[in-house]
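One structure below.
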Amino acid sequence: MIELEDVDVVSFVAEWFDPLPQLVKKFLLKYYHKSNEAEMIDLASKRLFLKRSPCLKVKSLKDFRINCKVNIYGRYLLLVAYGDETTRSVLEPVLVETIVVVPPILYKDTGKVIQEFTAHQLTLSNIQMFELGEMEANNIASFFSSDENEISYFTLLKGPLVVIKLFGKDSMNEVEKIAKFISEGEYESGTILCPTTKEEVCALDKYFFGKDSPFTTSTASFDNCTCCIIKPHAIIDGNAGKIIDHIFNKGYEISAMKAFHLDNVKASEFFEVYNGVLPEYRELIGHMTSSVCIVLEVRAENAVNAFRATVGPWDIGMAKELKPSTIR
């Protein structure tokens, strides 16, 4: 079996929306992971579009996942397929996705739970908060119950439940070991719920995130609240859990949580107020569409002003110098 260390280059079919002719162009994107360089070939003309060059905005091979975008010299390319079977065979085993269910008893420890997983080289790819009704709680309790571990559906009705998707090498086994450590070390046995087979992962993914999911409404209250967005770079760098934990530690309630992969239209519409104000507006839109971001509804008295103080100044350098205890 070919290992990643045995190959110098991996390839992908990538799409880029060219705003001037309003066309989607397709490329064969080759990534030389050992030297962090990329090469692009226009699939329509079969001509070299970008010679082998350093990837200034790419941090690691984790940035190259199907249905995610990667920044190659200011162009945010959507990876739609593997470019060859070799790439598929070496990347699929190290980018395996799995799911973790954080029950209500651990709601305020969601940030700490995420930190445990990301500290073990697992990367968050999706997350959402749910409120279960009796039927949904029964379904989840039955799904995870076994002769050795009976899950009471009443425990799933006591507050918000958070479902997290993670990816990494041997992710299912890693998640199972870490979940057991968390449960036995801090809480009652079996608190963290996770599937043990690919079929179970697919079933949970479809139930919570599929188009026919029974969860059609958000947990957002739209009352005494503000919006917080955890940007893609913070998630990729493994800081999402720290940010969420900081928010809880400051006494805020997080009443809704969901990951989004914004497209250009939605990002431009949401950040329209900054157009013409921020010099780096175009870069902001590019970054916000590059990968998954996490949107939180944060509740408190005088939530907007209080949370602005918690987050700190927009300029990161200024925040570190003047407000070192803030999120930024």
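Ordered as shown in the structure tokens, chains take letters A, B, and onward, while each chain numbers its residues from 1 and ligands are numbered from 1 in the order shown.
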Item to check | Distance query range 153-170 of chain A at most 8 Å, only C-alpha atoms, self and fewer than 6 positions along chain excluded, as an NGL selection string | outcome: :A and (93-105 or 107 or 110 or 121-134 or 137-138 or 140-141 or 208)
Would you mind exporting the chosen residues as a PDB file, in the first residue's frame, restricted to C-alpha atoms?
```pdb
ATOM      1  CA  PRO A  93      -6.944   7.127   4.946  1.00  0.00           C
ATOM      2  CA  VAL A  94      -5.458  10.257   6.559  1.00  0.00           C
ATOM      3  CA  LEU A  95      -8.516  12.464   6.028  1.00  0.00           C
ATOM      4  CA  VAL A  96     -11.164  10.106   7.437  1.00  0.00           C
ATOM      5  CA  GLU A  97     -14.179  11.863   8.956  1.00  0.00           C
ATOM      6  CA  THR A  98     -16.030  10.808  12.089  1.00  0.00           C
ATOM      7  CA  ILE A  99     -18.670  12.276  14.395  1.00  0.00           C
ATOM      8  CA  VAL A 100     -18.821  13.096  18.093  1.00  0.00           C
ATOM      9  CA  VAL A 101     -22.034  13.794  20.005  1.00  0.00           C
ATOM     10  CA  VAL A 102     -21.602  16.044  23.051  1.00  0.00           C
ATOM     11  CA  PRO A 103     -24.688  15.598  25.293  1.00  0.00           C
ATOM     12  CA  PRO A 104     -26.346  18.336  27.401  1.00  0.00           C
ATOM     13  CA  ILE A 105     -24.356  17.460  30.537  1.00  0.00           C
ATOM     14  CA  TYR A 107     -22.786  21.667  26.930  1.00  0.00           C
ATOM     15  CA  THR A 110     -17.926  21.942  24.493  1.00  0.00           C
ATOM     16  CA  GLN A 121      -4.155  16.107  15.404  1.00  0.00           C
ATOM     17  CA  LEU A 122      -7.862  15.912  14.580  1.00  0.00           C
ATOM     18  CA  THR A 123      -9.398  18.828  12.659  1.00  0.00           C
ATOM     19  CA  LEU A 124     -12.947  20.130  13.044  1.00  0.00           C
ATOM     20  CA  SER A 125     -14.899  20.163   9.764  1.00  0.00           C
ATOM     21  CA  ASN A 126     -18.497  20.709  10.927  1.00  0.00           C
ATOM     22  CA  ILE A 127     -20.422  21.483  14.102  1.00  0.00           C
ATOM     23  CA  GLN A 128     -24.007  22.254  15.045  1.00  0.00           C
ATOM     24  CA  MET A 129     -26.108  22.656  18.170  1.00  0.00           C
ATOM     25  CA  PHE A 130     -29.470  20.868  18.411  1.00  0.00           C
ATOM     26  CA  GLU A 131     -32.435  20.740  20.777  1.00  0.00           C
ATOM     27  CA  LEU A 132     -33.933  17.246  20.784  1.00  0.00           C
ATOM     28  CA  GLY A 133     -37.582  16.367  21.136  1.00  0.00           C
ATOM     29  CA  GLU A 134     -38.651  13.080  22.711  1.00  0.00           C
ATOM     30  CA  ALA A 137     -33.815  11.736  21.879  1.00  0.00           C
ATOM     31  CA  ASN A 138     -35.214   8.201  21.728  1.00  0.00           C
ATOM     32  CA  ILE A 140     -30.182   8.802  19.454  1.00  0.00           C
ATOM     33  CA  ALA A 141     -30.378   6.877  22.751  1.00  0.00           C
ATOM     34  CA  PHE A 208     -28.035  15.374  11.686  1.00  0.00           C
TER      35      PHE A 208
END
```
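Using only C-alpha atoms, the contacts of Thr289 in chain A at a cut-off of 8 Å, with sequence neighbours closer than 5 positions omitted, comprise A:Lys69, A:Tyr76, A:His261, A:Leu262, A:Asp263, A:Asn264, A:Ala267.
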File of the preceding selection, N, CA and C atoms, as an mmCIF file, in the first residue's frame:
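The result, written out as result_9.cif:
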```
data_model
loop_
_atom_site.group_PDB
_atom_site.id
_atom_site.type_symbol
_atom_site.label_atom_id
_atom_site.label_comp_id
_atom_site.auth_asym_id
_atom_site.auth_seq_id
_atom_site.Cartn_x
_atom_site.Cartn_y
_atom_site.Cartn_z
ATOM 1 N N LYS A 69 -12.028 24.948 -0.183
ATOM 2 C CA LYS A 69 -11.292 25.862 -1.054
ATOM 3 C C LYS A 69 -9.875 26.054 -0.533
ATOM 4 N N TYR A 76 -9.246 31.509 -5.013
ATOM 5 C CA TYR A 76 -9.771 30.494 -4.094
ATOM 6 C C TYR A 76 -10.372 29.368 -4.922
ATOM 7 N N HIS A 261 -20.053 26.984 5.254
ATOM 8 C CA HIS A 261 -19.036 27.207 4.226
ATOM 9 C C HIS A 261 -19.636 28.227 3.259
ATOM 10 N N LEU A 262 -19.296 29.487 3.449
ATOM 11 C CA LEU A 262 -19.897 30.575 2.695
ATOM 12 C C LEU A 262 -19.407 30.588 1.251
ATOM 13 N N ASP A 263 -20.308 30.962 0.330
ATOM 14 C CA ASP A 263 -19.871 31.242 -1.034
ATOM 15 C C ASP A 263 -19.679 32.753 -1.176
ATOM 16 N N ASN A 264 -19.228 33.198 -2.343
ATOM 17 C CA ASN A 264 -18.918 34.609 -2.540
ATOM 18 C C ASN A 264 -20.141 35.503 -2.378
ATOM 19 N N ALA A 267 -21.136 35.668 1.440
ATOM 20 C CA ALA A 267 -20.123 36.398 2.210
ATOM 21 C C ALA A 267 -20.166 37.891 1.877
#
```
Next on the checklist: Run DSSP on the backbone and tell me which residues of range 4-137 of chain A come out as strand (DSSP E or B); list them as number ranges by chain.
Outcome noted: A: 10-18, 23-32, 37-42, 47-54, 69-72, 75-82, 96-102, 123-130
Would you give me, as CSV, each residue of range 74-176 of chain A having an atom within 10 Å of an atom of range 19-28 of chain A, along with its shortest atom pair and that distance in Å to one decimal, using only C-alpha atoms and sorting by chain and residue number?
```
residue,atom,partner,partner_atom,distance
A:Leu77,CA,A:Phe27,CA,8.9
A:Leu78,CA,A:Lys26,CA,9.4
A:Leu79,CA,A:Phe27,CA,9.5
A:Val80,CA,A:Lys26,CA,9.6
A:Ala81,CA,A:Leu28,CA,9.8
A:Tyr82,CA,A:Leu28,CA,9.3
A:Gly83,CA,A:Leu28,CA,6.8
```
Only N, CA, C and O atoms, please: the residues just picked out, written as an mmCIF file, in the first residue's frame.
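Written file, selection35.cif:
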```cif
data_model
loop_
_atom_site.group_PDB
_atom_site.id
_atom_site.type_symbol
_atom_site.label_atom_id
_atom_site.label_comp_id
_atom_site.auth_asym_id
_atom_site.auth_seq_id
_atom_site.Cartn_x
_atom_site.Cartn_y
_atom_site.Cartn_z
ATOM 1 N N LEU A 77 -9.632 28.274 -4.999
ATOM 2 C CA LEU A 77 -10.002 27.137 -5.837
ATOM 3 C C LEU A 77 -10.800 26.121 -5.035
ATOM 4 O O LEU A 77 -10.376 25.714 -3.951
ATOM 5 N N LEU A 78 -11.942 25.719 -5.570
ATOM 6 C CA LEU A 78 -12.769 24.693 -4.942
ATOM 7 C C LEU A 78 -12.324 23.326 -5.438
ATOM 8 O O LEU A 78 -12.343 23.058 -6.639
ATOM 9 N N LEU A 79 -11.909 22.469 -4.509
ATOM 10 C CA LEU A 79 -11.461 21.129 -4.873
ATOM 11 C C LEU A 79 -12.679 20.228 -5.018
ATOM 12 O O LEU A 79 -13.388 19.968 -4.045
ATOM 13 N N VAL A 80 -12.941 19.771 -6.229
ATOM 14 C CA VAL A 80 -14.175 19.018 -6.496
ATOM 15 C C VAL A 80 -13.948 17.518 -6.646
ATOM 16 O O VAL A 80 -14.887 16.734 -6.543
ATOM 17 N N ALA A 81 -12.693 17.102 -6.900
ATOM 18 C CA ALA A 81 -12.424 15.669 -7.074
ATOM 19 C C ALA A 81 -10.915 15.429 -6.957
ATOM 20 O O ALA A 81 -10.112 16.351 -7.107
ATOM 21 N N TYR A 82 -10.555 14.169 -6.686
ATOM 22 C CA TYR A 82 -9.144 13.798 -6.725
ATOM 23 C C TYR A 82 -8.693 13.755 -8.177
ATOM 24 O O TYR A 82 -9.444 13.368 -9.079
ATOM 25 N N GLY A 83 -7.429 14.129 -8.405
ATOM 26 C CA GLY A 83 -6.919 14.173 -9.772
ATOM 27 C C GLY A 83 -6.484 12.830 -10.305
ATOM 28 O O GLY A 83 -6.398 12.637 -11.523
#
```
Determine, using only C-alpha atoms, which residues of range 135-227 of chain A have any atom at most 10 Å from an atom of range 303-313 of chain A, and tabulate each with its shortest atom pair and distance in Å to one decimal place, rows ordered by chain and then rising number, as JSON lines.
```
{"residue": "A:Asp223", "atom": "CA", "partner": "A:Ala303", "partner_atom": "CA", "distance": 9.5}
{"residue": "A:Asn224", "atom": "CA", "partner": "A:Ala303", "partner_atom": "CA", "distance": 6.0}
{"residue": "A:Cys225", "atom": "CA", "partner": "A:Ala303", "partner_atom": "CA", "distance": 5.3}
{"residue": "A:Thr226", "atom": "CA", "partner": "A:Val304", "partner_atom": "CA", "distance": 5.4}
{"residue": "A:Cys227", "atom": "CA", "partner": "A:Val304", "partner_atom": "CA", "distance": 8.3}
```
Same residues, N, CA, C and O atoms, output as a JSON list (two decimals), in the first residue's frame:
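Saved result, result_3.json, follows:
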```
[["chain", "number", "residue", "atom", "x", "y", "z"],
["A", 223, "ASP", "N", -32.76, 36.93, 20.89],
["A", 223, "ASP", "CA", -33.17, 37.77, 22.02],
["A", 223, "ASP", "C", -31.97, 38.03, 22.91],
["A", 223, "ASP", "O", -31.29, 37.09, 23.33],
["A", 224, "ASN", "N", -31.69, 39.32, 23.21],
["A", 224, "ASN", "CA", -30.54, 39.69, 24.05],
["A", 224, "ASN", "C", -29.28, 38.97, 23.58],
["A", 224, "ASN", "O", -28.59, 38.31, 24.35],
["A", 225, "CYS", "N", -28.98, 39.11, 22.30],
["A", 225, "CYS", "CA", -27.90, 38.32, 21.73],
["A", 225, "CYS", "C", -27.07, 39.11, 20.73],
["A", 225, "CYS", "O", -27.44, 40.21, 20.32],
["A", 226, "THR", "N", -25.95, 38.53, 20.35],
["A", 226, "THR", "CA", -25.13, 39.05, 19.27],
["A", 226, "THR", "C", -24.55, 37.86, 18.51],
["A", 226, "THR", "O", -24.67, 36.71, 18.94],
["A", 227, "CYS", "N", -23.94, 38.17, 17.36],
["A", 227, "CYS", "CA", -23.39, 37.12, 16.50],
["A", 227, "CYS", "C", -21.87, 37.11, 16.60],
["A", 227, "CYS", "O", -21.22, 38.15, 16.57]]
```
